[in-house]
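The structure appears right after this line, and notes come after that.
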Amino acid sequence: MEFFVTLIQVFDSTIRLATPLLLACLAGLYSERAGIFDIGLEGKMLMAAFFSAAVAAVTGSVWLGLLAGIASSLALSGLHGLASITFRGNQLISGVAINFLAAGMTVLVAQSWFQQGGRTPSLFGGGRFTPIEFPFAEAISTVPIIGPIYSELLSGHSILVYIAFLMVPLTWWVLYRTRFGLRLRAVGENPAAVDTAGVSVVGLRYAAVAICGVLCGIAGAYLATALQAGFVKEMTAGRGFIALAALIFAKWRPWHAMGACLLFGLLQAVALRFQNIDLGGVVIPVQVMDALPYILTVVILAGFVGKAIPPRAGGEPYVKER
Amino acid sequence: EPALIFDLGGKFDKSFNEAAFNGAKRWADQTGKSYREIELQSEAQREQALRRFAEAGANPIITMGFGMADPLSTVAPDYPDTKFVVIDVTWLDAPNLRQVGFAEHEGSYLVGMMAAMASKSGTVGFIGGMDVPLIRHFGCGYAQGAKAVNPDINVVANMTGTTPAAWNDPVKGSELTKAQISQGADVVYAAAGGTGVGVLQTAADEGILSIGVDSNQNHLHPGKVLTSMLKRVDVAVYDAMKAGDEVETGVFTMGLAQEGVGVAMDDNNAELVTEEMSSAVDKARQDIIDGNISVVSYYENDSCPALQF
Amino acid sequence: MTVPAIELKGISKAFGPVQANKDISISVAPGTIHGIIGENGAGKSTLMSILYGFYKADKGEIWINGQQTSIPDSQAAIAAGIGMVFQHFKLVENFTVLENIVLGAEDGGLLGPSLAKARKELKELEEEYELFVDPDKRIDEIGVGAQQRVEILKALYRRAEILILDEPTGVLTPAEADQLFRILDRLRAEGKTIILITHKLREIMEATDTVSVMRRGQMTATVKTAETSPQELAELMVGRKVLLQVDKVPAQPGKPILEIEGLRVIDEAGVERVKGIDLTVRAGEIVGIAGVAGNGQSELLEVLGGMRPGLGSIKLNGAPLALSGSGSDGQARRAQHIAHVPEDRQREGLIMDFHAWENVAFGYHRDPAYKRGIFMDNAALRADTERKIEKFDVRPPDGWLAAKNFSGGNQQKIVVAREIERNPDLLLVGQPTRGVDIGAIEFIHKQIVALRDQGKAILLVSVELEEIFSLSDRIAVMFDGHIMGERLPQETDEKELGLLMAGVAGEAA
Amino acid sequence: MEKMPKWADVVLIPLISLLLAALLSALVILAIGESPVEAVNLMITGALGSTYGWGYTLYYATNFMFTGLAVAVAFHARMFNIGGEGQAMLGGLGVAMVCLYVPWPHWSIALLAACAASMLFGAAWAAIPAYLQAKRGSHIVITTIMFNFIAAAFLNYMLVNVMRPKGSMDPATARFPEAVHLPTLHELLAPIGINFSKAAPANISLLVAIFACFVVWALIWRTRLGYEIRAYGHSETGAVYAGISPVRITIVAMLISGALAGLMATNNVMGEAERLVLNSTEGAGFIGIAVALMGRSHPFGVFLAAILFGFLYQGGAELALWTSIPRELIVVIQALVILFTGALDNMVRMPLEKLFLGLRKGVE
Ligand SMILES: Nc1ncnc2c1ncn2[C@@H]1O[C@H](COP(=O)(O)OP(=O)(O)OP(=O)(O)O)[C@@H](O)[C@H]1O
Ligand SMILES: Nc1ncnc2c1ncn2[C@@H]1O[C@H](COP(=O)(O)OP(=O)(O)OP(=O)(O)O)[C@@H](O)[C@H]1O
Ligand SMILES: [Mg+2]
Ligand SMILES: [Mg+2]
């Protein structure tokens, strides 16, 4: 029974840790499916984390904060689009630049705005996303098995968590069941086919990059205003890169992306919960547990995933005439 | 003109460096004078900053953290007329050096006692930043204090990580706090820089008590932070600046006796600290000062009697 | 006289310093098939891409059905009733046929109804024009011929009244080509206007009503097909007299050089591509392998060239060749004097971003002749390149130019020069003249025959029956991984080979 | 025919891009209420105005040359090695072991051994991702990211639990013996009468780095292996046709890349700190990516880009020293430099090409 409780808690933690990854991963999915590689997920999340927290702190409204976060992330997306779509620049370089830009700008702006050393004031009350309790969560929490699953695991997350997970079927539906999705996938595979079919490659790619910006914006806002109560510099701590890894892991497919993000979340949750495991006298050093999620990722990747083939036109600017 | 060199964490780390900054600011505000400062960005800048300030005639030059020990040992002899002050280093040998160490384990011992007394569950938590000896040193004192109050107490200790990102990952701090809560902890002590912000926040959200570190962090969540383990870096910096180029050199350890470490008591936590707690803490403080209680330092033989890392 | 369906007036287009089209005017009557011929790089594709809105002209006007029309993008072209089948298909490889057809012509935000409607219309179109394709197959699962039908269906689905086909038969079998021309006839009969670009004079003569000739970005002549001859067209195109037939003396086959027994090839996906074939190539003869693309010829060539593993036995000069593991790669094959002109020069035979002189070493870069100490002897390599460029008349004769900056025909000359000049015992040649113009074809064929006359063995794979006939001393036909039979060129005809290629065994070998 | 003279492509465009980046940086500096002129002045005098400034600029540049070359070599084989950071950390471990546990009679022998060890360790750390990419198709980008994290944990374990001298609180190894002290530029240049600043950490590793640039250049453009690496990088099908084994090239290129990243440790660990500290790489592995991209993967380009980034680092340090500009400003400037010279260079190129084409037409 105690094991079960622990399990629920680990899964609960998994969901919280997987949410930002999932949002960023889906963001990357839209962009890369359209043929625009994006290693700037990290930077966009960071920028959004800062602006959502800053605006929420100033206005006291987390929703305004969310909007600001999305807007700032969108601005970086626009920059990425400008560099990689309009000016056909190198998408990797643009992504690297965006990561640097966000790392520097957030602290710089925070410092001249709040003078708290690159931090925003702590958020409270309406400045934060609060957990949503499902109906009857309290009532059935004592029912064995179902109770804890319903009231602890499923209920009690911030709205952004539910949005993130709803984005998965939505993304699947958009990608495979709508005109937009068809065109989006096509433009990542063969932009010339889209162009000659009378559809604007540039328009589609900007749309994809914009969706990417919105989702990264939500991811950043989730970090700063739902999981935490404010912005701290570099608070994304490499999650954008992990999301990228998850995306490749998932071979650019939405349901698999969810699986990959949950797996990464789970590995982290497990590593957090079980540090210093004592195996009959031999203590596993904490560093091993710390590295465990990464080691396991490599093992899984090597053992079970096989070759991941990116969208064919990915990373290449669409050039008609040189 | 004095100069102050912050460690890599940056001057607004809400703890160690920020305490130094506060001390310097207090001195500047009081005297109306100015000082030079730099936030280090890379290892190679340590020596660079020392030399540049020394050459520019800054005196004394106050530096933060054990990372400065090595560069100081080469730079200090080159500028015999400049006084250097280093915080958290006590093992160097140079005539123009003021070395200030803190007995963090003693302060941690006291907050450990308070944690154990405040705990109803019999489990208390410790969350460190990057896994380095200094942080183990904190955790070790804390565990000893807790066990002194309640020998059966369960002390859960976690480190946030192994990279410098461990100092700035409040999300992970938050998850660790939740993990510790699920293991029964109802008081957590955060010695983790920026990560601690997440620890204190989550503790407040989840309705358990937390303990801040270095600076007085009680005000961050009034009524929810049990206390803070004060490390009076601000005092050390202030004193050094006040003494100016006359500052006394040598090795100084600031323990409870010198009020270099302590526990923070203010309006914000007044309701949380019982009569019993404060008297027990007062007694223990005196006992430590008098030598009746000896708190083992992790440094003595790289291990802790009360906690397994 | 009726209003022209298409009228282009003074179209000019430059790509940077290259003037691809210079002041071109042309008028196409409705309900006709209008041919355009011209050497590689003459500007045909560019002109048509401008008409289709893929490129924007620098100058000039486009008139459709007597109305001046601005075509800034393909959408406008589609709206004006223009459809185009590009030289390099514009299909999404991992989409189904249906998805490719619907792409860009959906009616509504949801895919389901669009696909259902397209499926229905497709059926009608298929029946009307005999354009059969399985709508649910993915593009990379169907052959090039089917892919082309998809492209045509795409245009028809968009209700094109004017259809542009850019070198449509380059990848088709004779039967497929014939079928295509039947379809074009039917479309013309319905009053649709067709522009047909091709290199093949025979097709122009057979299919078109009018023909325009382009040279170096300019329109040099427009004539009624009935009033011209292939010879005249060839001269208009190239600007000099050309030989349309390879002339060669009868072969004098010597000892067997290559002996294949029971060769099987299984590809990465586990599909058996070559299902046990026996074949011998002798010194001093050219053996041509005919067949529709995708029947195992490519894999056969690749095993011989060391590009993939195989099962069975292959002997070269009597000694067995390794078919897998070490000693079976391209380096080993070259060391054994097997040279290989691969089917796809751009993906295999050349590194497009390398200089010509670097490409001259490609595959032979470990040759001691190009070595100096631990380094490559680039000076020797460049000298060698200069010789080859001169001998093979590569234009422009500049070894420092990147491969991608040569025209397709000249790229092919570089590959052929590299391989033939090695003086190999066995030369493997895949599609030596695909997409290459008449002048270059003539030259490359001569070189291959010359090598044969030096007593070397040559194995030729081509989907062009004409080429197979004019080069081979013996013809083997492959179908579905088997050799359906061997024939001597003088004792067979296109019809019999066509049947063999279609898997109809006849009275087999 | 080219659209533009070569010099315009190689000199003019980067220069205009840099100017744009500088302009935007100036606006940022203005926005935070400081004087751009003064800031630029400080950066230039601080980084290039004295042998002292040069000493630091070159020290940082040395690090970036190594990691930039590492990324560049992998790029030539069309692989994106994000693992320079981890490989450099491991290189540091190799250097530390060699310097601490073997008594060396002279620094020159120690340097050779340290080079060998750092290359070995760096290459070893790249070997697993390389093998997995070649044999199992595991994406090199993910595996190298993961190996950065694993390297950090491993190094932390080694420093905290194994290599830390007894009683030291610093998670670092002991100081290396005096015998393995590498000559600094001061010591190298003094005999020939040049008085180079004594304080700056630039050391003989700079020459190693420059040598490495030459070796990489020769390797990539003059040897058969380099030819194969480039061929494979441009076209995998082409490589198979030519009998170049993709597996072999993938592994060899990554080993070389890892070795180069590892080699960085001779500079920062052996040359500067003279002991191994946690986080001694300080993100140089990531800067290496920017350096390689900006240098267009050519060793000479890498060399120049490394110096540019060295300048930004040192100039930024001076800014932080003498003004109250937060250190993050430098990060922003770096970002703008990368953005304009790397990702937005077509913004400058396209109008310039038109201009040159117009000029040419005018002449004809
Ligand atoms: N996308 C492009 N960018 C730059 N230049 C181009 C481009 N496409 C074509 N060109 C140039 O335009 C000229 C005409 O090319 P085009 O493709 O129209 O020739 P073509 O007659 O269709 O040749 P082919 O017979 O091989 O199809 C070429 O010589 C080339 O220099
Ligand atoms: N995309 C392009 N960009 C720049 N130049 C090009 C481009 N495509 C072709 N060219 C130039 O156009 C010329 C002809 O190229 P093109 O591809 O049209 O040849 P081709 O029609 O395939 O010729 P061939 O008859 O030899 O097969 C070449 O000299 C090449 O420099
Ligand atoms: Mg062509
Ligand atoms: Mg063409």
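Labeling convention for the structure tokens: chains A, B, ... as they appear, residues from 1 per chain, ligands from 1 in order of appearance.
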
DSSP-assigned alpha helix (DSSP H) members of range 12-250 of chain B, reported as number ranges by chain: B: 16-31, 44-55, 69-75, 104-118, 133-149, 170-182, 195-206, 233-243

Would you tabulate, counting only C-alpha atoms, all residues of chain D that have an atom at most 7 Å from an atom of chain B, showing the closest pair of atoms and their distance in Å to one decimal, sorted by chain then ascending number, as CSV?
residue,atom,partner,partner_atom,distance
D:Ala152,CA,B:Thr163,CA,6.1
D:Ala153,CA,B:Thr162,CA,5.4
D:Asn156,CA,B:Thr162,CA,6.0
D:Val160,CA,B:Val132,CA,6.3
D:Gly167,CA,B:Tyr299,CA,5.7
D:Met169,CA,B:Pro133,CA,5.5
D:Asp170,CA,B:Phe66,CA,6.2
D:Pro171,CA,B:Val132,CA,6.1
D:Glu282,CA,B:Ser42,CA,6.7
D:Ala320,CA,B:Ile38,CA,5.8
D:Leu321,CA,B:Ile38,CA,5.3

Pick out each residue of range 161-304 of chain B that DSSP on the backbone tags as strand (DSSP E or B); I need them as a list in words. Gly161, Val187, Val188, Tyr189, Ala190, Ala191, Leu209, Ser210, Ile211, Gly212, Val213, Asp214, Val225, Leu226, Thr227, Ser228, Met229, Leu230, Lys231, Gly250, Val251, Phe252, Thr253, Met254, Val261, Gly262 and Val263 of chain B

If you count only C-alpha atoms, which residues fall within 8 Å of range 222-225 of chain D, apart from same-chain ones fewer than 4 positions away, as a list in words?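 That gives His365, Arg366, Ile374, Phe375, Met376 and Asn378 of chain C; Trp217, Ala218 and Ile229 of chain D.
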
Selection file, all heavy atoms, as a PDB file, in the first residue's frame:
ATOM      1  N   HIS C 365      40.274   7.947 -54.700  1.00  0.00           N
ATOM      2  CA  HIS C 365      41.071   8.870 -53.906  1.00  0.00           C
ATOM      3  C   HIS C 365      42.168   8.159 -53.129  1.00  0.00           C
ATOM      4  O   HIS C 365      43.050   8.799 -52.595  1.00  0.00           O
ATOM      5  CB  HIS C 365      40.160   9.639 -52.960  1.00  0.00           C
ATOM      6  CG  HIS C 365      39.272   8.744 -52.156  1.00  0.00           C
ATOM      7  ND1 HIS C 365      38.096   8.229 -52.633  1.00  0.00           N
ATOM      8  CD2 HIS C 365      39.411   8.233 -50.917  1.00  0.00           C
ATOM      9  CE1 HIS C 365      37.532   7.458 -51.721  1.00  0.00           C
ATOM     10  NE2 HIS C 365      38.306   7.441 -50.671  1.00  0.00           N
ATOM     11  N   ARG C 366      42.098   6.840 -53.055  1.00  0.00           N
ATOM     12  CA  ARG C 366      43.184   6.128 -52.360  1.00  0.00           C
ATOM     13  C   ARG C 366      44.217   5.566 -53.343  1.00  0.00           C
ATOM     14  O   ARG C 366      45.134   4.848 -52.957  1.00  0.00           O
ATOM     15  CB  ARG C 366      42.612   5.033 -51.471  1.00  0.00           C
ATOM     16  CG  ARG C 366      41.849   5.629 -50.292  1.00  0.00           C
ATOM     17  CD  ARG C 366      41.686   4.683 -49.127  1.00  0.00           C
ATOM     18  NE  ARG C 366      41.177   5.416 -47.972  1.00  0.00           N
ATOM     19  CZ  ARG C 366      41.949   5.893 -47.003  1.00  0.00           C
ATOM     20  NH1 ARG C 366      43.248   5.686 -47.023  1.00  0.00           N
ATOM     21  NH2 ARG C 366      41.421   6.565 -46.012  1.00  0.00           N
ATOM     22  N   ILE C 374      51.759  11.576 -46.670  1.00  0.00           N
ATOM     23  CA  ILE C 374      50.474  11.300 -46.053  1.00  0.00           C
ATOM     24  C   ILE C 374      49.368  12.120 -46.712  1.00  0.00           C
ATOM     25  O   ILE C 374      48.212  12.007 -46.356  1.00  0.00           O
ATOM     26  CB  ILE C 374      50.502  11.598 -44.539  1.00  0.00           C
ATOM     27  CG1 ILE C 374      50.968  13.039 -44.286  1.00  0.00           C
ATOM     28  CG2 ILE C 374      51.406  10.628 -43.804  1.00  0.00           C
ATOM     29  CD1 ILE C 374      50.763  13.472 -42.849  1.00  0.00           C
ATOM     30  N   PHE C 375      49.734  12.936 -47.650  1.00  0.00           N
ATOM     31  CA  PHE C 375      48.733  13.816 -48.258  1.00  0.00           C
ATOM     32  C   PHE C 375      48.286  13.318 -49.627  1.00  0.00           C
ATOM     33  O   PHE C 375      48.895  12.436 -50.209  1.00  0.00           O
ATOM     34  CB  PHE C 375      49.300  15.235 -48.407  1.00  0.00           C
ATOM     35  CG  PHE C 375      49.590  15.871 -47.086  1.00  0.00           C
ATOM     36  CD1 PHE C 375      50.863  16.295 -46.782  1.00  0.00           C
ATOM     37  CD2 PHE C 375      48.580  16.020 -46.134  1.00  0.00           C
ATOM     38  CE1 PHE C 375      51.136  16.883 -45.552  1.00  0.00           C
ATOM     39  CE2 PHE C 375      48.845  16.598 -44.914  1.00  0.00           C
ATOM     40  CZ  PHE C 375      50.121  17.031 -44.620  1.00  0.00           C
ATOM     41  N   MET C 376      47.224  13.940 -50.115  1.00  0.00           N
ATOM     42  CA  MET C 376      46.824  13.676 -51.485  1.00  0.00           C
ATOM     43  C   MET C 376      47.641  14.588 -52.387  1.00  0.00           C
ATOM     44  O   MET C 376      47.943  15.715 -52.029  1.00  0.00           O
ATOM     45  CB  MET C 376      45.330  13.976 -51.662  1.00  0.00           C
ATOM     46  CG  MET C 376      44.441  12.947 -51.007  1.00  0.00           C
ATOM     47  SD  MET C 376      42.706  13.322 -51.238  1.00  0.00           S
ATOM     48  CE  MET C 376      42.417  12.637 -52.853  1.00  0.00           C
ATOM     49  N   ASN C 378      47.375  16.813 -54.820  1.00  0.00           N
ATOM     50  CA  ASN C 378      46.351  17.566 -55.531  1.00  0.00           C
ATOM     51  C   ASN C 378      46.847  18.108 -56.868  1.00  0.00           C
ATOM     52  O   ASN C 378      46.072  18.240 -57.810  1.00  0.00           O
ATOM     53  CB  ASN C 378      45.855  18.715 -54.659  1.00  0.00           C
ATOM     54  CG  ASN C 378      45.024  18.206 -53.505  1.00  0.00           C
ATOM     55  OD1 ASN C 378      44.641  17.044 -53.497  1.00  0.00           O
ATOM     56  ND2 ASN C 378      44.748  19.057 -52.541  1.00  0.00           N
TER      57      ASN C 378
ATOM     58  N   TRP D 217      43.144  21.636 -40.770  1.00  0.00           N
ATOM     59  CA  TRP D 217      43.065  22.087 -42.159  1.00  0.00           C
ATOM     60  C   TRP D 217      43.682  21.040 -43.092  1.00  0.00           C
ATOM     61  O   TRP D 217      43.084  20.639 -44.079  1.00  0.00           O
ATOM     62  CB  TRP D 217      43.783  23.426 -42.314  1.00  0.00           C
ATOM     63  CG  TRP D 217      43.895  23.844 -43.747  1.00  0.00           C
ATOM     64  CD1 TRP D 217      42.924  24.430 -44.502  1.00  0.00           C
ATOM     65  CD2 TRP D 217      45.022  23.667 -44.602  1.00  0.00           C
ATOM     66  NE1 TRP D 217      43.362  24.633 -45.767  1.00  0.00           N
ATOM     67  CE2 TRP D 217      44.657  24.176 -45.867  1.00  0.00           C
ATOM     68  CE3 TRP D 217      46.301  23.127 -44.422  1.00  0.00           C
ATOM     69  CZ2 TRP D 217      45.521  24.160 -46.954  1.00  0.00           C
ATOM     70  CZ3 TRP D 217      47.170  23.121 -45.498  1.00  0.00           C
ATOM     71  CH2 TRP D 217      46.786  23.641 -46.744  1.00  0.00           C
ATOM     72  N   ALA D 218      44.887  20.599 -42.732  1.00  0.00           N
ATOM     73  CA  ALA D 218      45.567  19.620 -43.576  1.00  0.00           C
ATOM     74  C   ALA D 218      44.764  18.322 -43.619  1.00  0.00           C
ATOM     75  O   ALA D 218      44.591  17.710 -44.675  1.00  0.00           O
ATOM     76  CB  ALA D 218      46.979  19.354 -43.052  1.00  0.00           C
ATOM     77  N   ILE D 229      35.871  12.154 -45.244  1.00  0.00           N
ATOM     78  CA  ILE D 229      34.961  12.789 -44.294  1.00  0.00           C
ATOM     79  C   ILE D 229      34.082  13.805 -45.006  1.00  0.00           C
ATOM     80  O   ILE D 229      32.864  13.828 -44.847  1.00  0.00           O
ATOM     81  CB  ILE D 229      35.755  13.473 -43.151  1.00  0.00           C
ATOM     82  CG1 ILE D 229      36.374  12.422 -42.239  1.00  0.00           C
ATOM     83  CG2 ILE D 229      34.854  14.417 -42.358  1.00  0.00           C
ATOM     84  CD1 ILE D 229      37.219  12.990 -41.123  1.00  0.00           C
TER      85      ILE D 229
END

Ligand 2 neighbours within 10 Å using only C-alpha atoms and all ligand atoms, as a ChimeraX atom specification: /A:319-322 /C:15-20,38-46,199,216,394-396,401-413,433-441 /D:1-2

Keeping only C-alpha atoms, take the residues you just selected and write them out as a CSV table (one decimal), in the first residue's frame.
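The resulting file, result.csv, is shown below:
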chain,number,residue,atom,x,y,z
A,319,VAL,CA,15.4,28.3,-52.1
A,320,LYS,CA,13.9,28.5,-55.6
A,321,GLU,CA,16.6,30.3,-57.3
A,322,ARG,CA,20.2,30.8,-56.3
C,15,PHE,CA,19.3,34.0,-62.3
C,16,GLY,CA,22.0,36.3,-61.0
C,17,PRO,CA,24.5,36.5,-63.8
C,18,VAL,CA,22.9,33.7,-65.9
C,19,GLN,CA,20.5,35.0,-68.5
C,20,ALA,CA,18.2,32.0,-68.7
C,38,GLY,CA,16.5,22.6,-76.9
C,39,GLU,CA,19.7,21.5,-75.4
C,40,ASN,CA,20.2,21.2,-71.7
C,41,GLY,CA,20.2,24.5,-70.1
C,42,ALA,CA,18.6,26.2,-73.0
C,43,GLY,CA,16.0,27.7,-70.7
C,44,LYS,CA,13.0,25.6,-71.5
C,45,SER,CA,12.2,24.7,-67.9
C,46,THR,CA,12.7,28.2,-66.8
C,199,HIS,CA,14.8,15.9,-75.8
C,216,ARG,CA,21.0,29.6,-75.1
C,394,VAL,CA,33.8,19.0,-70.6
C,395,ARG,CA,32.3,22.5,-70.8
C,396,PRO,CA,33.3,24.9,-69.3
C,401,LEU,CA,34.2,24.7,-60.9
C,402,ALA,CA,32.0,22.8,-58.4
C,403,ALA,CA,30.2,19.8,-59.9
C,404,LYS,CA,26.9,21.4,-59.3
C,405,ASN,CA,27.8,24.3,-61.5
C,406,PHE,CA,28.1,22.0,-64.6
C,407,SER,CA,25.1,21.1,-66.6
C,408,GLY,CA,23.8,17.6,-66.3
C,409,GLY,CA,25.4,16.4,-69.5
C,410,ASN,CA,28.8,17.8,-68.5
C,411,GLN,CA,28.5,16.3,-65.1
C,412,GLN,CA,27.9,12.9,-66.7
C,413,LYS,CA,31.0,13.5,-68.9
C,433,THR,CA,22.5,9.3,-70.8
C,434,ARG,CA,19.5,10.0,-68.6
C,435,GLY,CA,18.5,13.6,-69.1
C,436,VAL,CA,21.5,14.3,-71.3
C,437,ASP,CA,21.1,16.2,-74.6
C,438,ILE,CA,21.8,14.9,-78.1
C,439,GLY,CA,25.2,16.2,-78.5
C,440,ALA,CA,26.4,14.7,-75.2
C,441,ILE,CA,24.7,11.4,-75.8
D,1,MET,CA,30.1,32.9,-62.7
D,2,GLU,CA,29.9,34.2,-59.2

With 7 Å as the limit and counting only C-alpha atoms, what residues in chain A lie close to chain C? Please list them as an NGL selection string. :A and (177-179 or 183 or 186 or 189-190 or 192-199 or 321-322)

Could the residues in this selection be written to a file with C-alpha atoms, as an mmCIF file, in the first residue's frame?
data_model
loop_
_atom_site.group_PDB
_atom_site.id
_atom_site.type_symbol
_atom_site.label_atom_id
_atom_site.label_comp_id
_atom_site.auth_asym_id
_atom_site.auth_seq_id
_atom_site.Cartn_x
_atom_site.Cartn_y
_atom_site.Cartn_z
ATOM 1 C CA ARG A 177 -7.137 15.380 -40.022
ATOM 2 C CA THR A 178 -7.064 18.942 -41.243
ATOM 3 C CA ARG A 179 -6.067 20.754 -44.358
ATOM 4 C CA ARG A 183 0.038 21.228 -45.799
ATOM 5 C CA ALA A 186 4.002 18.488 -46.788
ATOM 6 C CA GLU A 189 8.864 17.044 -46.587
ATOM 7 C CA ASN A 190 8.920 18.816 -49.919
ATOM 8 C CA ALA A 192 8.432 22.633 -53.750
ATOM 9 C CA ALA A 193 5.389 20.350 -53.896
ATOM 10 C CA VAL A 194 3.481 22.755 -51.704
ATOM 11 C CA ASP A 195 4.629 25.741 -53.676
ATOM 12 C CA THR A 196 3.636 24.290 -57.029
ATOM 13 C CA ALA A 197 0.318 23.234 -55.563
ATOM 14 C CA GLY A 198 -0.396 26.923 -55.126
ATOM 15 C CA VAL A 199 0.138 27.201 -51.388
ATOM 16 C CA GLU A 321 16.639 30.318 -57.339
ATOM 17 C CA ARG A 322 20.156 30.849 -56.258
#

If we count only C-alpha atoms, what is near Phe303 in chain D at a cut-off of 10 Å, once residues fewer than 6 positions away on the same chain are taken out, given as a PyMOL selection string? chain D and resi 61-62+64-66+68-69+209-210+213+291-292+295
